[in-house]
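Here is the structure we will look at, set down as structure tokens.
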2 protein chains.
Amino acid sequence: MCLFCKIAKKEIPSKILFEEEDLLAFHDINPMAPIHVLVIPKQHIVGLGEAVAENAEVLGKLLLASRRVSEETGLVQSGFRVVVNNGTHAGQSVFHLHVHVLGGRPLAWPPG
Amino acid sequence: MCLFCKIAKKEIPSKILFEEEDLLAFHDINPMAPIHVLVIPKQHIVGLGEAVAENAEVLGKLLLASRRVSEETGLVQSGFRVVVNNGTHAGQSVFHLHVHVLGGRPLAWPPG
């Protein structure tokens, strides 16, 4: 079972921000900003490059959850950036889809 | 009407990659990588911070469209990064939700 499947099942502890039926939001262990939360589907989806039409609803919920992250971490006024890495050039390191939500400081452009 | 609503209605020209019923994918006018495509919903949604539960399906389709961008631009092997900016700290510049899809070079971490 992959690392994020274990985190989703709470077999490995994480600093959970909130949980919904289909997803879990927890603080990144190696934060790149004052707020850096990961949102993962409980279902094992490797990445966006492997997502299929039946995943549309849970993908939409992941993006809606980024709004909830901003509300629960005080980023509504200052804003936030959502990032999803897919494959080598993007530096994807865990092959279970995860949405990064970053905020709490100005974020430069380009995004990497 | 906002800039991206006009692009979605083709009242302002853009370099369109593909169109679906609910969304349009076009090349960013100021690319930050060899491939830099924007995917927008035709419906006017200000940003993720304003998205509501009824938007879940179209949000999911935007993420699925990033996979299609990677397929149509030759990024399947090398990978790609998806970025959505929301508000001031993220540098959101057009207040119509848009998903950046970047690839064709290694993308650094942190993402801005």
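In the structure tokens, chains take the letters A, B, ... in the order shown, each chain's residues start at 1, and ligands count up from 1 in the order shown.
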Contacts of stretch 76-101 of chain A with stretch 23-30 of chain A up to 12 Å, shortest pair per row, only C-alpha atoms, as CSV:
```
residue,atom,partner,partner_atom,distance
A:Leu97,CA,A:Leu23,CA,11.0
A:His98,CA,A:Ala25,CA,9.5
A:Val99,CA,A:Ala25,CA,9.2
A:His100,CA,A:Asp28,CA,8.3
A:Val101,CA,A:Asp28,CA,9.4
```
Could you write out that same residue set with N, CA, C and O atoms as a PDB file, in the first residue's frame?
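This went into part_4.pdb:
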```pdb
ATOM      1  N   LEU A  97      -2.189  10.846  -6.158  1.00  0.00           N
ATOM      2  CA  LEU A  97      -2.574  12.231  -6.450  1.00  0.00           C
ATOM      3  C   LEU A  97      -2.679  13.077  -5.181  1.00  0.00           C
ATOM      4  O   LEU A  97      -3.316  12.663  -4.213  1.00  0.00           O
ATOM      5  N   HIS A  98      -2.052  14.254  -5.188  1.00  0.00           N
ATOM      6  CA  HIS A  98      -2.175  15.165  -4.048  1.00  0.00           C
ATOM      7  C   HIS A  98      -2.133  16.602  -4.548  1.00  0.00           C
ATOM      8  O   HIS A  98      -1.363  16.945  -5.433  1.00  0.00           O
ATOM      9  N   VAL A  99      -2.978  17.414  -3.944  1.00  0.00           N
ATOM     10  CA  VAL A  99      -3.104  18.823  -4.284  1.00  0.00           C
ATOM     11  C   VAL A  99      -2.411  19.629  -3.197  1.00  0.00           C
ATOM     12  O   VAL A  99      -2.775  19.533  -2.021  1.00  0.00           O
ATOM     13  N   HIS A 100      -1.385  20.395  -3.592  1.00  0.00           N
ATOM     14  CA  HIS A 100      -0.720  21.291  -2.646  1.00  0.00           C
ATOM     15  C   HIS A 100      -1.511  22.595  -2.543  1.00  0.00           C
ATOM     16  O   HIS A 100      -1.884  23.177  -3.568  1.00  0.00           O
ATOM     17  N   VAL A 101      -1.722  23.069  -1.329  1.00  0.00           N
ATOM     18  CA  VAL A 101      -2.326  24.383  -1.108  1.00  0.00           C
ATOM     19  C   VAL A 101      -1.323  25.193  -0.291  1.00  0.00           C
ATOM     20  O   VAL A 101      -0.984  24.814   0.835  1.00  0.00           O
TER      21      VAL A 101
END
```
Contacts of A:Pro106 within 12 Å, only C-alpha atoms, excl. fewer than 5 positions in-chain, as a short mmCIF file (atom, residue, chain, number, x, y, z; two decimals) with N, CA, C and O atoms, in the first residue's frame:
```cif
data_model
loop_
_atom_site.label_atom_id
_atom_site.label_comp_id
_atom_site.auth_asym_id
_atom_site.auth_seq_id
_atom_site.Cartn_x
_atom_site.Cartn_y
_atom_site.Cartn_z
N MET A 32 6.67 24.51 2.40
CA MET A 32 7.36 25.49 1.56
C MET A 32 6.80 26.89 1.74
O MET A 32 7.22 27.83 1.05
N ALA A 33 5.87 27.04 2.67
CA ALA A 33 5.24 28.33 2.96
C ALA A 33 4.64 28.22 4.36
O ALA A 33 4.52 27.11 4.89
N PRO A 34 4.28 29.36 4.99
CA PRO A 34 3.70 29.30 6.34
C PRO A 34 2.51 28.34 6.42
O PRO A 34 2.32 27.67 7.43
N ILE A 35 1.70 28.33 5.36
CA ILE A 35 0.63 27.32 5.26
C ILE A 35 0.94 26.45 4.05
O ILE A 35 1.15 26.97 2.94
N LEU A 75 -6.49 32.11 5.15
CA LEU A 75 -5.94 32.60 3.89
C LEU A 75 -6.99 33.27 2.99
O LEU A 75 -6.68 33.61 1.84
N SER A 78 -5.73 36.89 2.08
CA SER A 78 -4.41 37.02 1.46
C SER A 78 -4.26 36.17 0.21
O SER A 78 -3.45 36.48 -0.67
N GLY A 79 -5.02 35.09 0.11
CA GLY A 79 -4.97 34.25 -1.09
C GLY A 79 -4.12 33.01 -0.91
O GLY A 79 -3.47 32.80 0.12
N PHE A 80 -4.14 32.18 -1.95
CA PHE A 80 -3.42 30.90 -1.89
C PHE A 80 -3.17 30.40 -3.30
O PHE A 80 -3.81 30.83 -4.25
N ARG A 81 -2.20 29.50 -3.41
CA ARG A 81 -1.87 28.86 -4.69
C ARG A 81 -2.09 27.36 -4.57
O ARG A 81 -1.70 26.75 -3.57
N PRO A 111 5.89 29.72 -11.34
CA PRO A 111 5.71 28.79 -10.22
C PRO A 111 6.65 27.59 -10.35
O PRO A 111 6.21 26.46 -10.46
N ASN B 85 -3.97 30.06 -9.25
CA ASN B 85 -3.71 31.19 -8.35
C ASN B 85 -5.01 31.78 -7.86
O ASN B 85 -5.97 31.93 -8.64
N ASN B 86 -5.01 32.13 -6.59
CA ASN B 86 -6.22 32.66 -5.97
C ASN B 86 -5.87 33.84 -5.10
O ASN B 86 -5.26 33.68 -4.04
N GLY B 87 -6.20 35.04 -5.54
CA GLY B 87 -6.01 36.21 -4.71
C GLY B 87 -4.62 36.80 -4.76
O GLY B 87 -3.78 36.42 -5.58
N THR B 88 -4.38 37.73 -3.84
CA THR B 88 -3.22 38.61 -3.89
C THR B 88 -1.89 37.87 -3.76
O THR B 88 -0.99 38.05 -4.60
N HIS B 89 -1.70 37.09 -2.72
CA HIS B 89 -0.41 36.45 -2.49
C HIS B 89 -0.01 35.52 -3.64
O HIS B 89 1.17 35.29 -3.88
N ALA B 90 -1.00 34.96 -4.32
CA ALA B 90 -0.71 34.06 -5.43
C ALA B 90 -0.52 34.82 -6.75
O ALA B 90 -0.09 34.24 -7.74
N GLY B 91 -0.83 36.12 -6.74
CA GLY B 91 -0.67 36.90 -7.96
C GLY B 91 -1.75 36.66 -8.99
O GLY B 91 -1.50 36.79 -10.19
N GLN B 92 -2.96 36.30 -8.54
CA GLN B 92 -4.05 36.13 -9.52
C GLN B 92 -4.28 37.45 -10.25
O GLN B 92 -4.45 38.49 -9.62
N PRO B 111 7.18 25.96 -5.64
CA PRO B 111 6.51 26.50 -6.83
C PRO B 111 6.16 27.98 -6.65
O PRO B 111 5.01 28.36 -6.68
N GLY B 112 7.19 28.80 -6.51
CA GLY B 112 7.00 30.23 -6.33
C GLY B 112 7.22 30.64 -4.89
O GLY B 112 7.38 29.81 -4.01
#
```
Once chain A is superposed on chain B with a least-squares fit on all C-alpha pairs taken in order, can you show it as a compact mmCIF listing (two decimals) with N, CA, C and O atoms, in the first residue's frame?
```txt
# COMPACT_ATOMS: atom_id res chain seq x y z
N MET A 1 -18.18 42.51 -19.56
CA MET A 1 -17.79 41.09 -19.60
C MET A 1 -16.28 40.98 -19.40
O MET A 1 -15.53 41.80 -19.92
N CYS A 2 -15.83 39.98 -18.66
CA CYS A 2 -14.40 39.88 -18.32
C CYS A 2 -13.61 39.35 -19.51
O CYS A 2 -14.15 38.76 -20.44
N LEU A 3 -12.29 39.55 -19.46
CA LEU A 3 -11.39 39.14 -20.54
C LEU A 3 -11.57 37.67 -20.91
O LEU A 3 -11.67 37.33 -22.10
N PHE A 4 -11.61 36.78 -19.90
CA PHE A 4 -11.67 35.36 -20.23
C PHE A 4 -13.08 34.93 -20.66
O PHE A 4 -13.21 33.95 -21.41
N CYS A 5 -14.10 35.65 -20.23
CA CYS A 5 -15.43 35.40 -20.81
C CYS A 5 -15.42 35.74 -22.30
O CYS A 5 -16.00 35.01 -23.11
N LYS A 6 -14.74 36.84 -22.65
CA LYS A 6 -14.66 37.22 -24.07
C LYS A 6 -13.86 36.20 -24.87
O LYS A 6 -14.19 35.88 -26.01
N ILE A 7 -12.78 35.69 -24.28
CA ILE A 7 -12.00 34.64 -24.96
C ILE A 7 -12.84 33.38 -25.11
O ILE A 7 -12.84 32.74 -26.17
N ALA A 8 -13.60 33.01 -24.06
CA ALA A 8 -14.45 31.81 -24.13
C ALA A 8 -15.49 31.94 -25.23
O ALA A 8 -15.84 30.96 -25.90
N LYS A 9 -15.98 33.16 -25.44
CA LYS A 9 -16.99 33.40 -26.49
C LYS A 9 -16.35 33.72 -27.84
O LYS A 9 -17.05 34.02 -28.80
N LYS A 10 -15.02 33.71 -27.87
CA LYS A 10 -14.24 34.00 -29.09
C LYS A 10 -14.50 35.41 -29.61
O LYS A 10 -14.36 35.67 -30.80
N GLU A 11 -14.85 36.30 -28.69
CA GLU A 11 -14.94 37.71 -29.06
C GLU A 11 -13.54 38.33 -29.07
O GLU A 11 -13.31 39.35 -29.71
N ILE A 12 -12.63 37.70 -28.33
CA ILE A 12 -11.21 38.05 -28.38
C ILE A 12 -10.48 36.79 -28.83
O ILE A 12 -10.74 35.71 -28.29
N PRO A 13 -9.59 36.90 -29.84
CA PRO A 13 -8.93 35.69 -30.34
C PRO A 13 -7.91 35.16 -29.34
O PRO A 13 -7.31 35.90 -28.58
N SER A 14 -7.71 33.85 -29.37
CA SER A 14 -6.66 33.22 -28.59
C SER A 14 -6.14 32.05 -29.40
O SER A 14 -6.76 31.63 -30.38
N LYS A 15 -4.98 31.53 -28.98
CA LYS A 15 -4.38 30.39 -29.68
C LYS A 15 -4.96 29.14 -29.03
O LYS A 15 -4.41 28.60 -28.08
N ILE A 16 -6.11 28.70 -29.56
CA ILE A 16 -6.86 27.62 -28.93
C ILE A 16 -6.18 26.27 -29.17
O ILE A 16 -5.79 25.95 -30.30
N LEU A 17 -6.04 25.49 -28.08
CA LEU A 17 -5.51 24.13 -28.19
C LEU A 17 -6.67 23.16 -28.40
O LEU A 17 -6.62 22.31 -29.28
N PHE A 18 -7.74 23.27 -27.59
CA PHE A 18 -8.96 22.50 -27.81
C PHE A 18 -10.11 23.14 -27.04
O PHE A 18 -9.90 23.97 -26.15
N GLU A 19 -11.30 22.70 -27.42
CA GLU A 19 -12.51 23.21 -26.79
C GLU A 19 -13.38 22.02 -26.41
O GLU A 19 -13.46 21.04 -27.15
N GLU A 20 -14.01 22.09 -25.25
CA GLU A 20 -15.02 21.10 -24.87
C GLU A 20 -16.30 21.86 -24.55
O GLU A 20 -16.32 23.09 -24.56
N GLU A 21 -17.35 21.13 -24.23
CA GLU A 21 -18.64 21.78 -24.01
C GLU A 21 -18.56 22.87 -22.94
O GLU A 21 -19.13 23.95 -23.10
N ASP A 22 -17.83 22.56 -21.86
CA ASP A 22 -17.83 23.45 -20.70
C ASP A 22 -16.56 24.26 -20.54
O ASP A 22 -16.46 25.06 -19.59
N LEU A 23 -15.56 24.03 -21.39
CA LEU A 23 -14.25 24.65 -21.14
C LEU A 23 -13.50 24.92 -22.43
O LEU A 23 -13.82 24.38 -23.49
N LEU A 24 -12.48 25.75 -22.30
CA LEU A 24 -11.60 26.10 -23.42
C LEU A 24 -10.16 26.02 -22.94
O LEU A 24 -9.85 26.48 -21.83
N ALA A 25 -9.27 25.45 -23.76
CA ALA A 25 -7.84 25.39 -23.46
C ALA A 25 -7.10 26.19 -24.51
O ALA A 25 -7.26 25.95 -25.71
N PHE A 26 -6.30 27.16 -24.09
CA PHE A 26 -5.57 28.00 -25.04
C PHE A 26 -4.19 28.35 -24.48
O PHE A 26 -3.97 28.30 -23.27
N HIS A 27 -3.28 28.69 -25.39
CA HIS A 27 -1.90 28.96 -24.98
C HIS A 27 -1.81 30.31 -24.27
O HIS A 27 -2.37 31.31 -24.73
N ASP A 28 -1.06 30.34 -23.15
CA ASP A 28 -0.86 31.57 -22.38
C ASP A 28 -0.11 32.57 -23.25
O ASP A 28 0.86 32.22 -23.93
N ILE A 29 -0.54 33.81 -23.21
CA ILE A 29 0.07 34.85 -24.04
C ILE A 29 1.46 35.22 -23.52
O ILE A 29 2.27 35.80 -24.26
N ASN A 30 1.77 34.87 -22.28
CA ASN A 30 3.06 35.17 -21.67
C ASN A 30 3.64 33.90 -21.04
O ASN A 30 3.73 33.78 -19.82
N PRO A 31 4.06 32.95 -21.90
CA PRO A 31 4.41 31.61 -21.40
C PRO A 31 5.64 31.60 -20.49
O PRO A 31 6.61 32.30 -20.74
N MET A 32 5.55 30.78 -19.46
CA MET A 32 6.62 30.64 -18.47
C MET A 32 7.38 29.33 -18.63
O MET A 32 8.26 29.01 -17.83
N ALA A 33 7.03 28.58 -19.67
CA ALA A 33 7.67 27.29 -19.96
C ALA A 33 7.41 26.99 -21.43
O ALA A 33 6.55 27.64 -22.05
N PRO A 34 8.15 26.04 -22.03
CA PRO A 34 7.92 25.72 -23.45
C PRO A 34 6.45 25.41 -23.75
O PRO A 34 5.96 25.76 -24.82
N ILE A 35 5.79 24.73 -22.82
CA ILE A 35 4.33 24.55 -22.93
C ILE A 35 3.70 25.25 -21.75
O ILE A 35 4.07 25.01 -20.60
N HIS A 36 2.76 26.16 -22.03
CA HIS A 36 2.05 26.87 -20.97
C HIS A 36 0.65 27.17 -21.48
O HIS A 36 0.45 28.08 -22.26
N VAL A 37 -0.27 26.34 -21.05
CA VAL A 37 -1.65 26.41 -21.53
C VAL A 37 -2.56 26.79 -20.37
O VAL A 37 -2.31 26.40 -19.23
N LEU A 38 -3.58 27.57 -20.66
CA LEU A 38 -4.61 27.89 -19.68
C LEU A 38 -5.89 27.12 -20.01
O LEU A 38 -6.27 27.05 -21.18
N VAL A 39 -6.51 26.58 -19.00
CA VAL A 39 -7.81 25.93 -19.18
C VAL A 39 -8.82 26.71 -18.35
O VAL A 39 -8.63 26.91 -17.15
N ILE A 40 -9.87 27.18 -19.01
CA ILE A 40 -10.89 27.99 -18.32
C ILE A 40 -12.28 27.38 -18.49
O ILE A 40 -12.59 26.80 -19.53
N PRO A 41 -13.11 27.51 -17.45
CA PRO A 41 -14.52 27.15 -17.63
C PRO A 41 -15.19 28.24 -18.46
O PRO A 41 -14.86 29.43 -18.33
N LYS A 42 -16.14 27.85 -19.31
CA LYS A 42 -16.87 28.88 -20.07
C LYS A 42 -17.74 29.71 -19.13
O LYS A 42 -17.95 30.91 -19.36
N GLN A 43 -18.22 29.05 -18.09
CA GLN A 43 -19.01 29.73 -17.04
C GLN A 43 -18.10 30.67 -16.26
O GLN A 43 -16.95 30.33 -15.97
N HIS A 44 -18.59 31.84 -15.91
CA HIS A 44 -17.77 32.78 -15.14
C HIS A 44 -17.75 32.39 -13.67
O HIS A 44 -18.73 32.55 -12.95
N ILE A 45 -16.59 31.86 -13.23
CA ILE A 45 -16.33 31.59 -11.82
C ILE A 45 -15.11 32.44 -11.48
O ILE A 45 -14.10 32.39 -12.19
N VAL A 46 -15.22 33.26 -10.44
CA VAL A 46 -14.15 34.22 -10.15
C VAL A 46 -12.83 33.51 -9.82
O VAL A 46 -11.76 33.89 -10.31
N GLY A 47 -12.91 32.51 -8.97
CA GLY A 47 -11.70 31.78 -8.57
C GLY A 47 -12.08 30.65 -7.64
O GLY A 47 -13.26 30.46 -7.32
N LEU A 48 -11.08 29.88 -7.20
CA LEU A 48 -11.39 28.76 -6.31
C LEU A 48 -11.97 29.25 -4.99
O LEU A 48 -12.77 28.56 -4.37
N GLY A 49 -11.57 30.45 -4.59
CA GLY A 49 -12.08 31.00 -3.33
C GLY A 49 -13.56 31.33 -3.39
O GLY A 49 -14.20 31.54 -2.35
N GLU A 50 -14.12 31.37 -4.59
CA GLU A 50 -15.54 31.68 -4.77
C GLU A 50 -16.31 30.47 -5.29
O GLU A 50 -17.53 30.55 -5.50
N ALA A 51 -15.62 29.36 -5.53
CA ALA A 51 -16.29 28.18 -6.08
C ALA A 51 -17.21 27.55 -5.04
O ALA A 51 -16.91 27.56 -3.85
N VAL A 52 -18.33 27.02 -5.49
CA VAL A 52 -19.31 26.39 -4.60
C VAL A 52 -19.55 24.94 -5.05
O VAL A 52 -19.10 24.52 -6.12
N ALA A 53 -20.27 24.21 -4.19
CA ALA A 53 -20.44 22.77 -4.41
C ALA A 53 -20.98 22.45 -5.81
O ALA A 53 -20.57 21.46 -6.43
N GLU A 54 -21.87 23.31 -6.33
CA GLU A 54 -22.44 23.04 -7.66
C GLU A 54 -21.38 23.13 -8.76
O GLU A 54 -21.61 22.70 -9.89
N ASN A 55 -20.23 23.71 -8.46
CA ASN A 55 -19.16 23.82 -9.46
C ASN A 55 -18.27 22.58 -9.50
O ASN A 55 -17.34 22.50 -10.32
N ALA A 56 -18.51 21.61 -8.63
CA ALA A 56 -17.59 20.47 -8.51
C ALA A 56 -17.35 19.77 -9.84
O ALA A 56 -16.20 19.47 -10.20
N GLU A 57 -18.41 19.54 -10.60
CA GLU A 57 -18.24 18.78 -11.84
C GLU A 57 -17.35 19.52 -12.83
O GLU A 57 -16.42 18.93 -13.41
N VAL A 58 -17.59 20.82 -13.01
CA VAL A 58 -16.77 21.56 -13.98
C VAL A 58 -15.34 21.70 -13.46
O VAL A 58 -14.38 21.64 -14.24
N LEU A 59 -15.16 21.80 -12.15
CA LEU A 59 -13.81 21.84 -11.59
C LEU A 59 -13.07 20.54 -11.89
O LEU A 59 -11.89 20.55 -12.27
N GLY A 60 -13.78 19.43 -11.74
CA GLY A 60 -13.16 18.15 -12.06
C GLY A 60 -12.79 18.06 -13.53
O GLY A 60 -11.72 17.56 -13.89
N LYS A 61 -13.66 18.59 -14.38
CA LYS A 61 -13.37 18.57 -15.83
C LYS A 61 -12.14 19.41 -16.16
O LYS A 61 -11.39 19.09 -17.08
N LEU A 62 -11.94 20.51 -15.43
CA LEU A 62 -10.75 21.34 -15.68
C LEU A 62 -9.48 20.53 -15.39
O LEU A 62 -8.51 20.60 -16.15
N LEU A 63 -9.50 19.76 -14.30
CA LEU A 63 -8.31 18.94 -13.99
C LEU A 63 -8.15 17.81 -15.00
O LEU A 63 -7.02 17.50 -15.41
N LEU A 64 -9.25 17.20 -15.41
CA LEU A 64 -9.14 16.16 -16.45
C LEU A 64 -8.60 16.75 -17.74
O LEU A 64 -7.83 16.11 -18.46
N ALA A 65 -8.97 17.99 -18.03
CA ALA A 65 -8.48 18.65 -19.25
C ALA A 65 -6.97 18.86 -19.20
O ALA A 65 -6.31 18.90 -20.25
N SER A 66 -6.40 18.97 -18.00
CA SER A 66 -4.94 19.13 -17.92
C SER A 66 -4.26 17.86 -18.46
O SER A 66 -3.19 17.94 -19.07
N ARG A 67 -4.88 16.72 -18.23
CA ARG A 67 -4.34 15.48 -18.82
C ARG A 67 -4.39 15.56 -20.35
O ARG A 67 -3.43 15.22 -21.03
N ARG A 68 -5.52 16.06 -20.86
CA ARG A 68 -5.63 16.17 -22.33
C ARG A 68 -4.60 17.16 -22.88
O ARG A 68 -4.02 16.93 -23.95
N VAL A 69 -4.37 18.24 -22.16
CA VAL A 69 -3.32 19.19 -22.57
C VAL A 69 -1.99 18.44 -22.70
O VAL A 69 -1.26 18.59 -23.70
N SER A 70 -1.67 17.62 -21.69
CA SER A 70 -0.37 16.92 -21.72
C SER A 70 -0.30 15.97 -22.91
O SER A 70 0.77 15.82 -23.53
N GLU A 71 -1.42 15.36 -23.25
CA GLU A 71 -1.43 14.42 -24.38
C GLU A 71 -1.28 15.17 -25.70
O GLU A 71 -0.57 14.72 -26.60
N GLU A 72 -1.91 16.33 -25.82
CA GLU A 72 -1.90 17.04 -27.10
C GLU A 72 -0.65 17.89 -27.30
O GLU A 72 -0.45 18.45 -28.39
N THR A 73 0.15 18.02 -26.25
CA THR A 73 1.36 18.85 -26.37
C THR A 73 2.64 18.05 -26.12
O THR A 73 3.72 18.63 -25.98
N GLY A 74 2.51 16.73 -26.03
CA GLY A 74 3.70 15.88 -25.92
C GLY A 74 4.34 15.84 -24.55
O GLY A 74 5.55 15.65 -24.43
N LEU A 75 3.55 16.01 -23.50
CA LEU A 75 4.10 16.04 -22.14
C LEU A 75 3.84 14.75 -21.35
O LEU A 75 4.13 14.70 -20.15
N VAL A 76 3.30 13.73 -22.00
CA VAL A 76 2.91 12.52 -21.26
C VAL A 76 4.13 11.90 -20.57
O VAL A 76 4.07 11.50 -19.40
N GLN A 77 5.24 11.80 -21.27
CA GLN A 77 6.43 11.16 -20.69
C GLN A 77 7.15 12.08 -19.70
O GLN A 77 7.59 11.64 -18.65
N SER A 78 7.28 13.35 -20.05
CA SER A 78 8.13 14.25 -19.24
C SER A 78 7.39 14.82 -18.03
O SER A 78 8.01 15.19 -17.03
N GLY A 79 6.07 14.92 -18.11
CA GLY A 79 5.30 15.41 -16.97
C GLY A 79 4.89 16.87 -17.12
O GLY A 79 5.28 17.56 -18.06
N PHE A 80 4.10 17.31 -16.15
CA PHE A 80 3.57 18.68 -16.19
C PHE A 80 3.15 19.10 -14.80
O PHE A 80 2.95 18.28 -13.91
N ARG A 81 3.05 20.42 -14.61
CA ARG A 81 2.59 21.00 -13.34
C ARG A 81 1.31 21.79 -13.59
O ARG A 81 1.23 22.54 -14.57
N VAL A 82 0.35 21.62 -12.71
CA VAL A 82 -0.90 22.36 -12.75
C VAL A 82 -0.89 23.38 -11.62
O VAL A 82 -0.54 23.03 -10.48
N VAL A 83 -1.24 24.63 -11.93
CA VAL A 83 -1.21 25.71 -10.93
C VAL A 83 -2.49 26.53 -11.05
O VAL A 83 -2.92 26.87 -12.16
N VAL A 84 -3.11 26.82 -9.90
CA VAL A 84 -4.24 27.74 -9.87
C VAL A 84 -3.94 28.81 -8.82
O VAL A 84 -3.68 28.49 -7.66
N ASN A 85 -3.96 30.07 -9.25
CA ASN A 85 -3.71 31.20 -8.36
C ASN A 85 -5.02 31.79 -7.87
O ASN A 85 -5.96 31.95 -8.64
N ASN A 86 -5.02 32.14 -6.57
CA ASN A 86 -6.23 32.68 -5.96
C ASN A 86 -5.87 33.86 -5.08
O ASN A 86 -5.27 33.70 -4.02
N GLY A 87 -6.21 35.05 -5.55
CA GLY A 87 -6.01 36.22 -4.71
C GLY A 87 -4.61 36.80 -4.77
O GLY A 87 -3.77 36.43 -5.60
N THR A 88 -4.36 37.74 -3.86
CA THR A 88 -3.20 38.63 -3.89
C THR A 88 -1.87 37.89 -3.77
O THR A 88 -0.98 38.07 -4.60
N HIS A 89 -1.69 37.09 -2.72
CA HIS A 89 -0.40 36.44 -2.49
C HIS A 89 -0.01 35.52 -3.63
O HIS A 89 1.18 35.29 -3.87
N ALA A 90 -0.98 34.98 -4.32
CA ALA A 90 -0.70 34.07 -5.43
C ALA A 90 -0.51 34.82 -6.74
O ALA A 90 -0.11 34.23 -7.73
N GLY A 91 -0.82 36.11 -6.75
CA GLY A 91 -0.66 36.89 -7.97
C GLY A 91 -1.75 36.66 -8.99
O GLY A 91 -1.51 36.79 -10.20
N GLN A 92 -2.96 36.32 -8.55
CA GLN A 92 -4.05 36.14 -9.52
C GLN A 92 -4.28 37.46 -10.25
O GLN A 92 -4.46 38.50 -9.62
N SER A 93 -4.26 37.41 -11.58
CA SER A 93 -4.32 38.65 -12.35
C SER A 93 -5.61 38.79 -13.17
O SER A 93 -5.98 39.89 -13.54
N VAL A 94 -6.26 37.68 -13.48
CA VAL A 94 -7.55 37.72 -14.17
C VAL A 94 -8.55 37.01 -13.26
O VAL A 94 -8.31 35.87 -12.83
N PHE A 95 -9.65 37.70 -12.97
CA PHE A 95 -10.57 37.16 -11.98
C PHE A 95 -11.70 36.35 -12.63
O PHE A 95 -12.88 36.61 -12.46
N HIS A 96 -11.22 35.39 -13.40
CA HIS A 96 -12.04 34.33 -13.99
C HIS A 96 -11.16 33.09 -13.83
O HIS A 96 -10.02 33.06 -14.32
N LEU A 97 -11.67 32.11 -13.11
CA LEU A 97 -10.88 30.91 -12.79
C LEU A 97 -10.12 30.38 -14.00
O LEU A 97 -10.70 30.21 -15.07
N HIS A 98 -8.83 30.11 -13.83
CA HIS A 98 -8.05 29.51 -14.91
C HIS A 98 -6.98 28.60 -14.32
O HIS A 98 -6.36 28.91 -13.32
N VAL A 99 -6.80 27.47 -14.98
CA VAL A 99 -5.85 26.45 -14.57
C VAL A 99 -4.64 26.54 -15.50
O VAL A 99 -4.78 26.40 -16.71
N HIS A 100 -3.47 26.82 -14.91
CA HIS A 100 -2.23 26.82 -15.70
C HIS A 100 -1.71 25.39 -15.82
O HIS A 100 -1.64 24.67 -14.83
N VAL A 101 -1.31 25.01 -17.02
CA VAL A 101 -0.65 23.72 -17.24
C VAL A 101 0.71 24.03 -17.85
O VAL A 101 0.79 24.61 -18.95
N LEU A 102 1.78 23.69 -17.12
CA LEU A 102 3.14 24.02 -17.55
C LEU A 102 3.97 22.76 -17.73
O LEU A 102 3.88 21.83 -16.93
N GLY A 103 4.84 22.77 -18.76
CA GLY A 103 5.73 21.65 -18.97
C GLY A 103 6.74 21.94 -20.07
O GLY A 103 6.78 23.05 -20.61
N GLY A 104 7.57 20.93 -20.35
CA GLY A 104 8.59 21.09 -21.39
C GLY A 104 9.94 21.49 -20.85
O GLY A 104 10.90 21.65 -21.61
N ARG A 105 10.02 21.67 -19.53
CA ARG A 105 11.31 21.91 -18.85
C ARG A 105 11.14 21.45 -17.40
O ARG A 105 10.01 21.35 -16.90
N PRO A 106 12.27 21.20 -16.70
CA PRO A 106 12.15 20.89 -15.27
C PRO A 106 11.57 22.08 -14.52
O PRO A 106 11.95 23.23 -14.80
N LEU A 107 10.69 21.84 -13.60
CA LEU A 107 10.03 22.89 -12.83
C LEU A 107 10.54 22.81 -11.39
O LEU A 107 10.47 21.75 -10.75
N ALA A 108 11.04 23.93 -10.89
CA ALA A 108 11.71 23.94 -9.58
C ALA A 108 10.72 23.84 -8.43
O ALA A 108 9.50 24.04 -8.60
N TRP A 109 11.25 23.56 -7.24
CA TRP A 109 10.48 23.51 -6.01
C TRP A 109 11.15 24.40 -4.99
O TRP A 109 12.36 24.34 -4.88
N PRO A 110 10.50 25.31 -4.28
CA PRO A 110 9.04 25.48 -4.22
C PRO A 110 8.47 26.11 -5.49
O PRO A 110 9.21 26.73 -6.26
N PRO A 111 7.18 25.98 -5.64
CA PRO A 111 6.50 26.50 -6.83
C PRO A 111 6.15 27.98 -6.66
O PRO A 111 4.99 28.35 -6.68
N GLY A 112 7.20 28.80 -6.52
CA GLY A 112 6.98 30.23 -6.35
C GLY A 112 7.23 30.66 -4.91
O GLY A 112 7.40 29.84 -4.02
```
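Looking only at stretch 25-60 of chain B, the set that DSSP places in strand (DSSP E or B) from backbone geometry is B:Ala25, B:Phe26, B:His27, B:Ile35, B:His36, B:Val37, B:Leu38, B:Val39, B:Ile40, B:Pro41.
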Practice prompt. Just the helix (DSSP H, G or I) stuff from stretch 55-97 of chain B, please, per backbone DSSP, written as a ChimeraX atom specification.
Written response: /B:55-72
